[in-house]
Amino acid sequence: MIKGNIEEMLSVEGVYIATTVGLSMFPLLRNRKDNAVIISKPKQLKKYDVPLYRRGDDYVLHRIIDIKENKYIIRGDNCEFSETDIKDENIIGILDGVYRGNLYISVNNLLYKIYSVLTVKLHFIRIFYKKIIRCLAKIKQRIFKRSK
């Protein structure tokens, strides 16, 4: 999530750069380490774009995984669940690139595009991994409770 007066900066400057907060787009965006470069919203968004949108008072930066009936299906790269009711009027801008230290990663970079497709197509693997880790943590917790 990103904080600040983003709409104003985008309307005046056409670009907004901020350090991201949260783990929902990990590993692309690391919590409080990476800077997202947001540009004004294009007329047409497409699958794999990463729009910035409002959810209540919060700003959210998640990836479009599908488009259906003039609504975007959006999910963070590190999230299990999708949002299905995001419309064009909710979207403020779109990710143009990421600064990781001094390295700039453009959304037009071939490796970034491959990452985007694989992240969406192989999402089930990340979910399976998270479920296994949670299950192992519960087992470990039960074992340690019994040994006390």
# chains A, B, ... in the order shown; residues from 1 in each chain; ligands from 1

$ residues_around --residues "Asn102 in chain A" --least-positions-apart "4" --cutoff "12 Å" --atoms "only C-alpha atoms" --output "VMD selection string"
chain A and resid 33 to 35 98

$ residues_around --residues "Gly93 in chain A" --least-positions-apart "6" --cutoff "9 Å" --atoms "only C-alpha atoms" --output "number ranges by chain"
A: 6-7, 10, 15-16, 38-42, 50-53

$ closest_residue --among "A:Arg126, A:Arg142, A:Arg100, A:Lys113" --to "Val37 in chain A" --atoms "only C-alpha atoms"
A:Arg100

$ residues_around --residues "Ser24 in chain A" --least-positions-apart "6" --cutoff "12 Å" --atoms "only C-alpha atoms" --output "list in words"
Met1, Ile2, Arg30, Asn31, Val60, Leu61, His62, Arg63, Ile74, Arg75, Gly76, Asp77, Asn78, Cys79, Glu80, Phe81 and Ser82 of chain A

$ residues_around --residues "Arg32 in chain A" --least-positions-apart "6" --cutoff "6 Å" --atoms "only C-alpha atoms" --output "PyMOL selection string"
chain A and resi 19-21

$ write_last_selection --atoms "N, CA and C atoms" --output "PDB file, in the first residue's frame"
ATOM      1  N   THR A  19       7.734   4.717  -1.782  1.00  0.00           N
ATOM      2  CA  THR A  19       8.114   3.450  -1.174  1.00  0.00           C
ATOM      3  C   THR A  19       6.842   2.699  -0.819  1.00  0.00           C
ATOM      4  N   THR A  20       6.800   1.443  -1.180  1.00  0.00           N
ATOM      5  CA  THR A  20       5.602   0.647  -0.920  1.00  0.00           C
ATOM      6  C   THR A  20       5.623   0.083   0.493  1.00  0.00           C
ATOM      7  N   VAL A  21       4.430  -0.182   1.007  1.00  0.00           N
ATOM      8  CA  VAL A  21       4.258  -0.726   2.351  1.00  0.00           C
ATOM      9  C   VAL A  21       3.383  -1.965   2.239  1.00  0.00           C
TER      10      VAL A  21
END

$ closest_residue --among "A:Pro27, A:Lys43, A:Ile92, A:Ala36" --to "Glu8 in chain A" --atoms "only C-alpha atoms"
A:Ile92

$ closest_residue --among "A:Ile17, A:Val12, A:Leu110, A:Val117" --to "Ile64 in chain A" --atoms "only C-alpha atoms"
A:Val117

$ select_by_dssp --residues "chain A" --states "helix (DSSP H, G or I)" --output "PyMOL selection string"
chain A and resi 6-13+88-90+110-121+123-147

$ closest_residue --among "A:Asn90, A:Leu29, A:Leu45, A:Met9" --to "Asp58 in chain A" --atoms "only C-alpha atoms"
A:Asn90

$ closest_residue --among "A:Ile143, A:Leu95, A:Ile65, A:Ala18" --to "Leu122 in chain A" --atoms "only C-alpha atoms"
A:Ile65

$ atom_distance --atom1 "CA of Cys135 in chain A" --atom2 "CA of His123 in chain A"
18.6 Å

$ atom_distance --atom1 "CA of Lys121 in chain A" --atom2 "CA of Val107 in chain A"
17.6 Å

$ select_by_dssp --residues "chain A" --states "strand (DSSP E or B)" --output "PyMOL selection string"
chain A and resi 15-19+35-40+51-55+58-61+63-68+71-75+83-86+91-100+103-106

$ atom_distance --atom1 "CA of Asp57 in chain A" --atom2 "CA of Tyr104 in chain A"
28.9 Å
